[in-house]
Amino acid sequence: MINSKISKDFNSKFDDLIQEATEIVVTGHESPDEDSIGSVLSTYEILVTRYPKKKIRIIYSSDPEPRFRIFKNYDKIEFVSDIAYELKNTDLLIFLDGSQYSRFSKYPEKLQKVPTTICIDHHSSPIDEFTLTLVLPAYPSCTEIIYLVLCQDYPVSKELAEIFLMGILGDTGNFTYIKPHQTETLATTKKLLEISEIEIQEFQSRYRTISQKTFLVIQELIKNTRYSCGGDWPDFQYSYIDRDFTEGGKYTDSEISEGNHIYMSNYLRMITGYSWGFVITPKGNGDCGISGRSLPNSVSVRDLMEKMKIGGGHDRASGGKFKDKSDSKKCIEEVLNWISSNKPVIT
């Protein structure tokens, strides 16, 4: 059942499914960002408080993300090679910040075998079938939806408010991506700031510092930046990391992901005349990941990912993966070849 608005009916069905379950797993998409981590940590905190007798776990198909260790319940997260092999007795699987099974595991068909599934998301991508679904693309972060849905009658502590703020600030780019119809997010943030009593800059300095290895990843992405002009597509830039670079320096997926995120936030779509672009990086499991970004009135990177059948997300920010393809340069060639024979969707 797909719900497209926050309602008492959804909350009632959500509660019924929790009550019926014996072993519950909460998960977020691979290569988790701040919104994903914020969604799972807040949901876990609320569930273990409301249902103390339930067996509840958090599992990710990803490497650890140690920069988030300052947040309550981070130590409860199980980072594994693939969640598909960790669900033996699970009878309820909760998916957050993604509505396609392939975003959570290399073996999506195994996840679909769990008897009951719940999905809460805010992306505009096609929605797979779940027992209960709430997808609200009008909201800039999944974490905010969790707050509005699960905290109507729930007292939010200072620690929980910080988790919500981390997710909201992350996916809004500190409100850079807020649209006119999303001003409710500012009101939500005001409430959370009053509870947490934090200063945003000081707060983010606790988990946004980077290691020297992450800085080297950023340098490598800058060095490998390329530009493309002409044709039906607006001019764009792209970059990549070679697998030789990651293996030679023994970089973790987390270090590559963090460096990639900083590069995209500060350099991708920020070069004058290049309104969109993408980055391709290798993953430890043998795949390659792709991340796309664009400015308003430019390419819908979500449409590109979906039509190539490699991922999804938002028009301005999207991601995906090339399964069982380990060469970043060959993946770039695949994207460039696809672009050369297709027309862009401009949004």
# chains A, B, ... in the order shown; residues from 1 in each chain; ligands from 1
$ residues_around --residues "range 144-154 of chain A" --least-positions-apart "3" --cutoff "9 Å" --atoms "only C-alpha atoms" --output "PyMOL selection string"
chain A and resi 6-8+10-11+35+39+42-43+46+120-122+136+139-141+164-165+167-168+185+188-189
$ select_by_dssp --residues "range 192-265 of chain A" --states "strand (DSSP E)" --output "MDAnalysis selection string"
chainID A and resid 226:228 236:240
$ write_last_selection --atoms "N, CA and C atoms" --output "mmCIF file, in the first residue's frame"
data_model
loop_
_atom_site.group_PDB
_atom_site.id
_atom_site.type_symbol
_atom_site.label_atom_id
_atom_site.label_comp_id
_atom_site.auth_asym_id
_atom_site.auth_seq_id
_atom_site.Cartn_x
_atom_site.Cartn_y
_atom_site.Cartn_z
ATOM 1 N N ARG A 226 37.268 16.334 -15.921
ATOM 2 C CA ARG A 226 37.219 16.516 -17.374
ATOM 3 C C ARG A 226 35.973 17.333 -17.712
ATOM 4 N N TYR A 227 35.978 17.969 -18.919
ATOM 5 C CA TYR A 227 34.852 18.781 -19.354
ATOM 6 C C TYR A 227 34.381 18.313 -20.722
ATOM 7 N N SER A 228 33.070 18.381 -20.929
ATOM 8 C CA SER A 228 32.493 17.955 -22.201
ATOM 9 C C SER A 228 31.550 19.035 -22.712
ATOM 10 N N PHE A 236 28.993 19.838 -19.502
ATOM 11 C CA PHE A 236 29.097 19.195 -18.201
ATOM 12 C C PHE A 236 30.532 18.829 -17.870
ATOM 13 N N GLN A 237 30.754 18.547 -16.594
ATOM 14 C CA GLN A 237 32.055 18.079 -16.135
ATOM 15 C C GLN A 237 31.877 16.720 -15.473
ATOM 16 N N TYR A 238 32.947 15.962 -15.448
ATOM 17 C CA TYR A 238 32.910 14.678 -14.753
ATOM 18 C C TYR A 238 34.294 14.356 -14.218
ATOM 19 N N SER A 239 34.316 13.462 -13.257
ATOM 20 C CA SER A 239 35.585 13.028 -12.692
ATOM 21 C C SER A 239 35.470 11.570 -12.263
ATOM 22 N N TYR A 240 36.571 11.023 -11.797
ATOM 23 C CA TYR A 240 36.588 9.597 -11.456
ATOM 24 C C TYR A 240 37.753 9.285 -10.535
#
$ closest_residue --among "A:Val335, A:Ala317, A:Ile163, A:Ile94" --to "Thr131 in chain A" --atoms "only C-alpha atoms"
A:Ile94
$ closest_residue --among "A:Ile24, A:Ile77, A:Ile83, A:Ile127" --to "Gln100 in chain A" --atoms "only C-alpha atoms"
A:Ile127
$ closest_residue --among "A:Pro155, A:Pro32, A:Pro126, A:Gly312" --to "Ser257 in chain A" --atoms "only C-alpha atoms"
A:Pro32
$ select_by_dssp --residues "range 43-199 of chain A" --states "helix (DSSP H, G or I)" --output "number ranges by chain"
A: 43-50, 66-68, 74-76, 83-85, 101-103, 108-111, 142-150, 158-172, 180-182, 184-196
$ closest_residue --among "A:Ser124, A:Ser294, A:Asn266, A:Thr172" --to "Pro234 in chain A" --atoms "only C-alpha atoms"
A:Ser294
$ residues_around --residues "Asn297 in chain A" --least-positions-apart "3" --cutoff "12 Å" --atoms "only C-alpha atoms" --output "list of chain:residue names"
A:Pro234, A:Ser275, A:Trp276, A:Ser294, A:Ser300, A:Val301, A:Asp315, A:Arg316, A:Pro344, A:Val345, A:Ile346, A:Thr347
$ atom_distance --atom1 "CA of Ile218 in chain A" --atom2 "CA of Lys330 in chain A"
21.0 Å
$ residues_around --residues "Glu197 in chain A" --least-positions-apart "6" --cutoff "12 Å" --atoms "only C-alpha atoms" --output "list in words"
Ser157, Lys158, Glu159, Ala161, Glu162, Leu165, Thr189, Lys190, Lys191 and Phe203 of chain A
$ closest_residue --among "A:Ser291, A:Thr246, A:Asn260, A:Ser205" --to "Leu221 in chain A" --atoms "only C-alpha atoms"
A:Asn260
$ residues_around --residues "Pro115 in chain A" --least-positions-apart "3" --cutoff "12 Å" --atoms "only C-alpha atoms" --output "list in words"
Leu17, Glu20, Ala21, Thr22, Glu23, Ile24, Leu87, Lys88, Asn89, Thr90, Asp91, Leu92, Leu93, Ile94, Lys110, Leu111, Gln112, Ile118, Phe130, Thr131 and Leu132 of chain A
$ residues_around --residues "Ser62 in chain A" --least-positions-apart "3" --cutoff "8 Å" --atoms "only C-alpha atoms" --output "count of residues only"
8
